[in-house]
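Asker: The structure file start_4.txt (compact mmCIF, C-alpha atoms) is provided below.
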```txt
# COMPACT_ATOMS: atom_id res chain seq x y z
CA MET A 1 -134.54 38.56 -46.83
CA ILE A 2 -132.68 35.60 -45.35
CA ASP A 3 -134.51 36.03 -42.05
CA ARG A 4 -137.86 35.95 -43.84
CA ILE A 5 -136.88 32.76 -45.66
CA LYS A 6 -135.85 31.16 -42.35
CA GLN A 7 -139.15 32.24 -40.81
CA ALA A 8 -141.03 30.70 -43.72
CA LEU A 9 -139.19 27.42 -43.20
CA VAL A 10 -140.24 27.23 -39.53
CA PRO A 11 -143.41 25.13 -39.17
CA PRO A 12 -146.18 25.97 -36.70
CA VAL A 13 -145.73 24.86 -33.10
CA LEU A 14 -148.02 21.92 -32.29
CA HIS A 15 -148.23 20.05 -29.00
CA ASP A 16 -148.64 16.60 -30.57
CA GLN A 17 -145.33 15.15 -31.76
CA SER A 18 -146.91 13.27 -34.67
CA GLN A 19 -148.71 16.39 -35.87
CA MET A 20 -145.51 18.38 -35.48
CA ARG A 21 -143.63 15.89 -37.65
CA LYS A 22 -146.28 16.11 -40.37
CA ALA A 23 -146.29 19.91 -40.18
CA LYS A 24 -142.51 20.03 -40.68
CA LEU A 25 -142.72 17.67 -43.65
CA LEU A 26 -145.61 19.52 -45.27
CA ASN A 27 -143.92 22.87 -44.71
CA ALA A 28 -140.74 21.60 -46.42
CA MET A 29 -142.73 20.12 -49.35
CA LEU A 30 -144.66 23.34 -49.99
CA PHE A 31 -141.51 25.43 -49.78
CA ILE A 32 -139.68 23.11 -52.22
CA ILE A 33 -142.62 23.27 -54.66
CA LEU A 34 -142.66 27.05 -54.41
CA MET A 35 -138.91 27.27 -55.01
CA GLY A 36 -139.29 24.85 -57.94
CA ILE A 37 -141.91 27.10 -59.51
CA LEU A 38 -139.61 30.11 -59.03
CA VAL A 39 -136.62 28.33 -60.58
CA GLY A 40 -138.78 27.04 -63.45
CA THR A 41 -140.08 30.52 -64.15
CA ILE A 42 -136.55 31.95 -64.23
CA ALA A 43 -135.43 29.16 -66.56
CA LEU A 44 -138.45 29.77 -68.81
CA ILE A 45 -137.66 33.47 -69.02
CA ALA A 46 -134.02 32.73 -69.81
CA PHE A 47 -134.43 29.97 -72.42
CA ASN A 48 -137.94 30.41 -73.86
CA PRO A 49 -139.12 33.99 -73.34
CA ALA A 50 -141.75 33.69 -76.08
CA ASP A 51 -143.88 31.32 -73.97
CA VAL A 52 -143.64 33.32 -70.73
CA LEU A 53 -146.98 35.08 -71.12
CA VAL A 54 -148.70 31.83 -72.03
CA ASN A 55 -147.33 29.99 -68.98
CA LEU A 56 -147.91 32.85 -66.56
CA SER A 57 -151.63 32.02 -66.63
CA PHE A 58 -150.66 28.71 -65.03
CA ILE A 59 -147.68 29.80 -62.90
CA ILE A 60 -149.33 32.72 -61.11
CA PRO A 61 -152.43 30.80 -59.85
CA LEU A 62 -150.25 27.83 -58.84
CA SER A 63 -147.80 30.04 -56.93
CA THR A 64 -150.69 31.83 -55.24
CA ALA A 65 -152.23 28.52 -54.25
CA ILE A 66 -148.96 27.19 -52.76
CA ALA A 67 -148.38 30.47 -50.90
CA SER A 68 -151.93 30.28 -49.56
CA LEU A 69 -151.33 26.74 -48.36
CA LEU A 70 -148.17 27.88 -46.57
CA TYR A 71 -150.12 30.67 -44.90
CA LEU A 72 -152.86 28.29 -43.78
CA LEU A 73 -150.25 25.88 -42.48
CA ARG A 74 -148.64 28.67 -40.48
CA ARG A 75 -152.06 29.34 -38.94
CA GLY A 76 -152.24 25.71 -37.77
CA TYR A 77 -154.60 24.24 -40.41
CA LEU A 78 -152.53 21.10 -40.90
CA TYR A 79 -155.19 18.58 -41.94
CA PRO A 80 -157.06 20.85 -44.43
CA VAL A 81 -153.78 21.82 -46.10
CA SER A 82 -152.78 18.15 -46.35
CA LEU A 83 -156.13 17.29 -47.96
CA LEU A 84 -155.85 20.19 -50.41
CA LEU A 85 -152.32 19.24 -51.44
CA THR A 86 -153.20 15.57 -51.89
CA GLY A 87 -156.34 16.47 -53.85
CA THR A 88 -154.35 18.87 -56.05
CA PHE A 89 -151.89 16.14 -57.04
CA LEU A 90 -154.74 13.69 -57.72
CA ILE A 91 -156.64 16.19 -59.91
CA THR A 92 -153.41 17.02 -61.73
CA ALA A 93 -152.85 13.34 -62.52
CA ILE A 94 -156.43 12.96 -63.80
CA ILE A 95 -156.20 16.09 -65.99
CA HIS A 96 -152.86 14.95 -67.37
CA GLY A 97 -154.27 11.55 -68.28
CA TRP A 98 -157.43 13.03 -69.80
CA SER A 99 -155.49 15.55 -71.87
CA PHE A 100 -152.42 13.64 -73.02
CA ASP A 101 -152.19 9.86 -72.77
CA GLY A 102 -155.21 8.46 -70.89
CA ILE A 103 -154.72 5.34 -68.80
CA ARG A 104 -151.17 5.05 -70.09
CA GLY A 105 -150.23 8.25 -68.32
CA LEU A 106 -147.67 8.80 -65.62
CA LEU A 107 -148.22 6.04 -63.04
CA SER A 108 -145.62 7.69 -60.80
CA THR A 109 -148.00 10.63 -60.29
CA TYR A 110 -150.56 8.34 -58.67
CA PHE A 111 -147.82 6.77 -56.56
CA LEU A 112 -146.82 10.25 -55.46
CA VAL A 113 -150.39 11.04 -54.44
CA VAL A 114 -150.62 7.92 -52.25
CA ALA A 115 -147.15 8.56 -50.81
CA ILE A 116 -148.13 12.09 -49.81
CA ALA A 117 -151.30 10.76 -48.20
CA SER A 118 -149.30 8.18 -46.22
CA LEU A 119 -146.96 10.88 -44.93
CA LEU A 120 -149.48 13.60 -44.14
CA LEU A 121 -152.84 11.92 -43.55
CA SER A 122 -154.11 9.03 -41.44
CA GLU A 123 -153.90 5.31 -42.30
CA ARG A 124 -157.55 5.26 -43.34
CA ALA A 125 -156.97 8.22 -45.66
CA VAL A 126 -154.19 6.27 -47.40
CA LEU A 127 -156.68 3.55 -48.37
CA ILE A 128 -159.25 6.14 -49.47
CA VAL A 129 -156.74 8.02 -51.63
CA GLY A 130 -155.46 4.75 -53.11
CA ALA A 131 -159.02 3.73 -53.98
CA LEU A 132 -159.63 7.14 -55.59
CA CYS A 133 -156.51 6.72 -57.72
CA VAL A 134 -157.68 3.28 -58.88
CA LEU A 135 -161.14 4.71 -59.63
CA ALA A 136 -159.57 7.56 -61.59
CA MET A 137 -157.52 5.11 -63.60
CA GLY A 138 -160.64 3.02 -64.18
CA GLY A 139 -162.60 6.09 -65.25
CA LEU A 140 -159.93 7.01 -67.81
CA TYR A 141 -159.93 3.42 -69.08
CA VAL A 142 -163.72 3.36 -69.48
CA ALA A 143 -163.75 6.81 -71.11
CA GLU A 144 -161.06 5.83 -73.57
CA LEU A 145 -162.71 2.47 -74.24
CA ALA A 146 -166.05 4.17 -74.91
CA GLY A 147 -164.42 6.70 -77.21
CA GLU A 148 -165.06 9.71 -74.99
CA ILE A 149 -161.34 10.49 -75.20
CA GLU A 150 -159.18 9.42 -78.12
CA PHE A 151 -155.44 9.64 -78.75
CA LEU A 152 -154.51 9.14 -82.42
CA SER A 153 -150.82 8.74 -81.67
CA LEU A 154 -151.42 5.80 -79.32
CA PRO A 155 -152.64 2.28 -80.02
CA PRO A 156 -156.14 1.24 -78.88
CA VAL A 157 -156.43 0.74 -75.16
CA GLN A 158 -156.24 -2.83 -73.80
CA PHE A 159 -157.46 -4.34 -70.55
CA THR A 160 -153.88 -4.90 -69.46
CA ASP A 161 -153.30 -1.16 -69.72
CA PHE A 162 -155.68 -0.81 -66.77
CA PHE A 163 -155.22 -4.08 -64.91
CA LEU A 164 -151.45 -3.98 -64.44
CA PRO A 165 -151.22 -0.33 -63.23
CA ALA A 166 -154.29 -0.81 -61.02
CA THR A 167 -152.77 -3.95 -59.47
CA ILE A 168 -149.48 -2.19 -58.84
CA MET A 169 -151.36 0.76 -57.36
CA CYS A 170 -153.26 -1.56 -54.98
CA ILE A 171 -150.02 -3.23 -53.87
CA VAL A 172 -148.27 0.10 -53.36
CA THR A 173 -151.28 1.47 -51.48
CA LEU A 174 -151.34 -1.58 -49.21
CA LEU A 175 -147.60 -1.31 -48.49
CA LEU A 176 -147.85 2.40 -47.79
CA TRP A 177 -150.87 1.78 -45.54
CA ILE A 178 -148.89 -0.84 -43.58
CA GLY A 179 -145.95 1.56 -43.32
CA ALA A 180 -148.13 4.46 -42.23
CA ARG A 181 -149.88 2.30 -39.65
CA SER A 182 -146.59 0.99 -38.26
CA LEU A 183 -145.15 4.50 -38.13
CA ALA A 184 -148.26 5.85 -36.39
CA ARG A 185 -148.10 3.08 -33.78
CA ALA A 186 -144.38 3.64 -33.27
CA LEU A 187 -144.96 7.37 -32.80
CA ASP A 188 -147.84 6.72 -30.40
CA LEU A 189 -145.64 4.34 -28.42
CA ALA A 190 -142.79 6.85 -28.37
CA GLN A 191 -145.16 9.61 -27.26
CA SER A 192 -146.62 7.37 -24.57
CA ASN A 193 -143.12 6.50 -23.34
CA ALA A 194 -142.20 10.18 -23.39
CA GLN A 195 -145.26 11.00 -21.29
CA ILE A 196 -144.42 8.21 -18.84
CA LEU A 197 -140.84 9.44 -18.66
CA ALA A 198 -142.00 13.03 -18.12
CA ARG A 199 -144.42 11.90 -15.40
CA ARG A 200 -141.72 9.87 -13.65
CA THR A 201 -139.29 12.77 -13.99
CA ASN A 202 -141.84 15.04 -12.32
CA GLU A 203 -142.37 12.47 -9.59
CA LEU A 204 -138.61 12.22 -9.03
CA ALA A 205 -138.38 16.01 -8.95
CA GLU A 206 -141.19 16.18 -6.39
CA ASN A 207 -139.59 13.42 -4.31
CA HIS A 208 -136.26 15.22 -4.53
CA PHE A 209 -137.92 18.45 -3.41
CA PHE A 210 -139.63 16.74 -0.46
CA LEU A 211 -136.39 14.93 0.42
CA GLU A 212 -134.43 18.17 0.37
CA ARG A 213 -137.07 19.84 2.52
CA GLU A 214 -137.06 16.91 4.96
CA VAL A 215 -133.26 16.98 5.13
CA ALA A 216 -133.36 20.74 5.73
CA GLU A 217 -135.99 20.31 8.45
CA ARG A 218 -133.98 17.53 10.09
CA ALA A 219 -130.84 19.65 9.89
CA GLU A 220 -132.71 22.55 11.48
CA ILE A 221 -134.09 20.27 14.21
CA GLU A 222 -130.63 18.81 14.78
CA GLN A 223 -129.14 22.29 14.95
CA GLU A 224 -131.79 23.36 17.44
CA ARG A 225 -131.23 20.20 19.46
CA THR A 226 -127.48 20.83 19.48
CA HIS A 227 -128.08 24.40 20.60
CA LEU A 228 -130.35 23.21 23.41
CA GLN A 229 -127.81 20.59 24.44
CA GLN A 230 -125.06 23.17 24.50
CA GLN A 231 -127.27 25.51 26.47
CA LEU A 232 -128.12 22.70 28.91
CA ILE A 233 -124.47 21.71 29.24
CA GLN A 234 -123.59 25.34 29.80
CA GLU A 235 -126.23 25.66 32.51
CA LEU A 236 -125.12 22.42 34.15
CA SER A 237 -121.47 23.45 33.96
CA THR A 238 -122.21 26.72 35.80
CA PRO A 239 -125.10 25.94 38.19
CA ILE A 240 -126.17 28.70 40.58
CA ILE A 241 -127.55 27.16 43.77
CA PRO A 242 -129.37 29.47 46.25
CA LEU A 243 -128.55 28.29 49.80
CA VAL A 244 -129.99 30.85 52.25
CA ASP A 245 -132.34 33.78 51.68
CA THR A 246 -132.59 36.39 54.48
CA PRO A 247 -133.74 40.01 54.70
CA GLN A 248 -130.09 41.04 54.90
CA GLY A 249 -129.32 39.18 51.68
CA SER A 250 -128.88 35.70 50.30
CA ILE A 251 -126.10 33.14 49.96
CA ILE A 252 -125.55 31.35 46.65
CA ALA A 253 -123.14 28.60 45.73
CA LEU A 254 -121.37 27.94 42.43
CA PRO A 255 -119.95 24.40 42.35
CA LEU A 256 -117.42 23.85 39.56
CA ILE A 257 -116.58 20.44 38.08
CA GLY A 258 -114.06 19.50 35.39
CA ASN A 259 -111.56 21.59 33.46
CA ILE A 260 -111.93 25.34 33.06
CA ASP A 261 -110.89 27.00 29.82
CA SER A 262 -111.27 30.58 28.62
CA MET A 263 -114.72 29.96 27.09
CA ARG A 264 -116.07 28.29 30.21
CA ALA A 265 -114.48 30.98 32.40
CA LYS A 266 -116.52 33.63 30.57
CA ASP A 267 -119.67 31.54 31.12
CA ILE A 268 -118.82 31.21 34.83
CA THR A 269 -118.40 34.96 35.22
CA ARG A 270 -121.61 35.68 33.27
CA ALA A 271 -123.62 33.10 35.29
CA LEU A 272 -122.24 34.32 38.60
CA LEU A 273 -123.11 37.96 37.93
CA ALA A 274 -126.59 36.94 36.76
CA GLY A 275 -127.09 34.86 39.91
CA ILE A 276 -125.99 37.75 42.13
CA ARG A 277 -128.47 40.06 40.47
CA GLU A 278 -131.32 37.55 40.51
CA HIS A 279 -130.94 36.43 44.14
CA ASN A 280 -129.58 39.69 45.61
CA ALA A 281 -126.65 37.70 46.91
CA GLN A 282 -124.37 39.11 49.59
CA VAL A 283 -122.07 36.10 49.77
CA VAL A 284 -120.98 33.77 46.98
CA ILE A 285 -119.35 30.43 47.66
CA VAL A 286 -117.33 29.10 44.70
CA ASP A 287 -116.63 25.43 45.35
CA ILE A 288 -113.78 23.94 43.28
CA THR A 289 -113.83 20.48 44.84
CA GLY A 290 -114.55 18.96 41.41
CA VAL A 291 -111.75 20.88 39.64
CA SER A 292 -108.89 18.40 39.37
CA ILE A 293 -106.32 20.70 37.75
CA VAL A 294 -105.60 24.26 38.82
CA ASP A 295 -102.94 26.07 36.80
CA SER A 296 -102.12 29.70 36.22
CA GLY A 297 -104.90 29.96 33.64
CA VAL A 298 -107.56 28.64 36.01
CA ALA A 299 -106.25 30.88 38.80
CA ASN A 300 -106.43 33.95 36.58
CA HIS A 301 -109.96 33.07 35.54
CA LEU A 302 -111.02 32.69 39.17
CA ASN A 303 -109.35 35.99 40.06
CA LYS A 304 -111.33 37.78 37.33
CA THR A 305 -114.57 36.14 38.52
CA ILE A 306 -113.93 37.22 42.12
CA GLN A 307 -113.09 40.78 41.05
CA ALA A 308 -116.31 40.97 39.03
CA ALA A 309 -118.30 39.79 42.09
CA ARG A 310 -116.55 42.30 44.35
CA LEU A 311 -117.51 45.10 41.96
CA LYS A 312 -121.11 44.06 42.62
CA GLY A 313 -120.49 44.39 46.38
CA THR A 314 -120.58 40.64 47.01
CA ARG A 315 -118.18 38.72 49.27
CA THR A 316 -116.64 35.73 47.49
CA ILE A 317 -115.31 32.61 49.21
CA ILE A 318 -113.34 29.82 47.49
CA THR A 319 -113.86 26.36 49.03
CA GLY A 320 -112.84 22.81 48.23
CA ILE A 321 -109.11 23.33 47.75
CA SER A 322 -107.58 19.87 47.97
CA GLU A 323 -104.02 19.09 49.02
CA ALA A 324 -102.97 18.42 45.39
CA VAL A 325 -104.46 21.70 44.22
CA ALA A 326 -102.79 23.57 47.12
CA GLU A 327 -99.39 22.04 46.25
CA THR A 328 -99.88 23.00 42.58
CA ILE A 329 -100.72 26.58 43.49
CA VAL A 330 -97.60 26.81 45.67
CA ASP A 331 -95.35 25.19 43.04
CA LEU A 332 -96.59 27.56 40.35
CA GLY A 333 -96.06 30.56 42.61
CA ILE A 334 -99.67 31.71 42.23
CA ASP A 335 -100.56 34.45 44.72
CA TRP A 336 -104.01 33.94 46.24
CA GLY A 337 -103.26 36.11 49.27
CA GLY A 338 -106.14 38.47 48.51
CA ILE A 339 -108.66 35.65 48.00
CA GLU A 340 -110.65 34.20 50.89
CA THR A 341 -110.22 30.39 50.77
CA LEU A 342 -111.63 27.67 53.02
CA SER A 343 -111.22 23.92 53.11
CA ASP A 344 -114.74 22.77 52.30
CA LEU A 345 -118.23 23.93 51.41
CA GLN A 346 -119.60 23.35 54.92
CA THR A 347 -117.04 25.69 56.45
CA GLY A 348 -117.69 28.24 53.78
CA LEU A 349 -121.43 28.14 54.50
CA VAL A 350 -120.82 28.71 58.23
CA VAL A 351 -118.61 31.71 57.49
CA ALA A 352 -121.14 33.10 55.05
CA LEU A 353 -123.96 32.79 57.59
CA ASP A 354 -121.84 34.49 60.19
CA ASP A 355 -121.26 37.34 57.75
CA LEU A 356 -125.04 37.80 57.58
CA GLY A 357 -125.31 37.73 61.39
CA ILE A 358 -126.69 34.19 61.54
CA ARG A 359 -124.94 31.88 63.94
CA LEU A 360 -125.34 28.12 64.09
CA TYR A 361 -125.28 26.39 67.44
CA GLN A 362 -124.75 22.68 67.95
CA ALA A 363 -127.69 21.08 69.73
```
What is this file in structure tokens?
Answerer:
Amino acid sequence: MIDRIKQALVPPVLHDQSQMRKAKLLNAMLFIILMGILVGTIALIAFNPADVLVNLSFIIPLSTAIASLLYLLRRGYLYPVSLLLTGTFLITAIIHGWSFDGIRGLLSTYFLVVAIASLLLSERAVLIVGALCVLAMGGLYVAELAGEIEFLSLPPVQFTDFFLPATIMCIVTLLLWIGARSLARALDLAQSNAQILARRTNELAENHFFLEREVAERAEIEQERTHLQQQLIQELSTPIIPLVDTPQGSIIALPLIGNIDSMRAKDITRALLAGIREHNAQVVIVDITGVSIVDSGVANHLNKTIQAARLKGTRTIITGISEAVAETIVDLGIDWGGIETLSDLQTGLVVALDDLGIRLYQA
């Protein structure tokens, strides 16, 4: 039961903010009227049960009409429901004046009609409804003045009985029209600002998306560039230089420059084995002229490289051992007795050629 009441209180979903505001207000008004009828019926049954059957002829059609208006509002018929509700209040005021006290009737009922029009209808409709209220008041005044309707308990009607309420009604209608117009403009401005804000938010979101994509692309390009640089540095740090290519085999050189760590030592071994396979090398000359520091770590790395080359059946010659490097090797007690070493690259090339049966003669 509570869930159904909550569902009844929820107005229809409209895209226009102004229409949504009016739908919420109209939905609340109809629900309050319906609850008022229910409470009034219960009170009538409790305090005056004798008149229940008489009043049911009025309560049942009115409740059905309000429930129908709520149903139509739920279906999205906002403007027709607003017109029907405003017209119902106006007709009720006219019937009340015709039946009970004529032009001297409840002026607040006419004010309520114009107020409802200002809240639910357009600015132009406020003026139209206000004019209809004034015409209704004028019609009651003329009818009472002509004797069409007569109230014995009231004094004869006077012009002031029409003029003063009609003047007040015109003033109230004008004020409500100004208020409705100002509210409509304020809502239009707010809606326009909301649309501008939404459009700028979408633009910022698109710019953010493109910026993120550009940053990701630049990061990917930078990562690829770094990878290429590392690959180039790796290739330059372990260059394989083919020197002589003969039917008996070829001679390649591997000049080393700079410090040698464990990572670079693995690259040296990998590059050397690849060069032996690619060039069918029989002799490899490893020149360490550019290696300024030779310690036990560098010596072990070179030993592993030479052993890997020997497993491939390739003779390995170490050249370019300077006096400082030779003293360091001796001081550290490093044993290079099983490694073929020569003083420079030129001598190593002569020995390598001799190993292939090629002799050089001085002209």
Asker: Which is closer to Glu340 of chain A than all the others in A:Thr305, A:Ser296, A:Phe163, A:Ile285, using all atoms listed in the file?
Answerer: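 Of the candidates, the smallest distance to Glu340 of chain A is held by A:Ile285.
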Asker: To one decimal place, how far is atom CA of Val244 of chain A from atom CA of Ile318 of chain A in Å?
Answerer: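 Between atom CA of Val244 of chain A and atom CA of Ile318 of chain A the gap is 17.3 Å.
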Asker: Determine, counting all atoms listed in the file, which protein, DNA and RNA residues have an atom within 6 Å of an atom of Ile288 of chain A; residues of the same chain fewer than 2 positions away are not included. Present the result as a ChimeraX atom specification.
Answerer: /A:256,290-291,320
Asker: Tell me, as a list in words, which residues lie within 8 Å of Leu353 of chain A, counting all atoms listed in the file; anything in the same chain fewer than 5 positions away does not count.
Answerer: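 The contact residues come out as Ile251, Ile358 and Arg359 of chain A.
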Asker: Residues at most 12 Å from Pro80 of chain A, counting all atoms listed in the file, excluding those fewer than 2 positions away in the same chain, as a count of residues only?
Answerer: 19
Asker: Suppose you want the space between atom CA of Gln191 of chain A and atom CA of Thr173 of chain A; what is it in Å?
Answerer: 26.3 Å
Asker: State, in Å with one decimal place, the distance from atom CA of Met29 of chain A to atom CA of Ala166 of chain A.
Answerer: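 One can read the atom CA of Met29 of chain A to atom CA of Ala166 of chain A distance as 26.6 Å.
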Asker: So, counting only C-alpha atoms, which residue among A:Leu38, A:Ala194, A:Ile321, A:Ala115 is closest to Gly179 of chain A?
Answerer: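 Counting only C-alpha atoms, the residue closest to Gly179 of chain A is A:Ala115.
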Asker: Take the point (-131.6, 37.6, 48.3) as written in the file and pick out every residue within 9 Å of it, counting only C-alpha atoms; give the list as a PyMOL selection string.
Answerer: chain A and resi 242+244-252+276-282
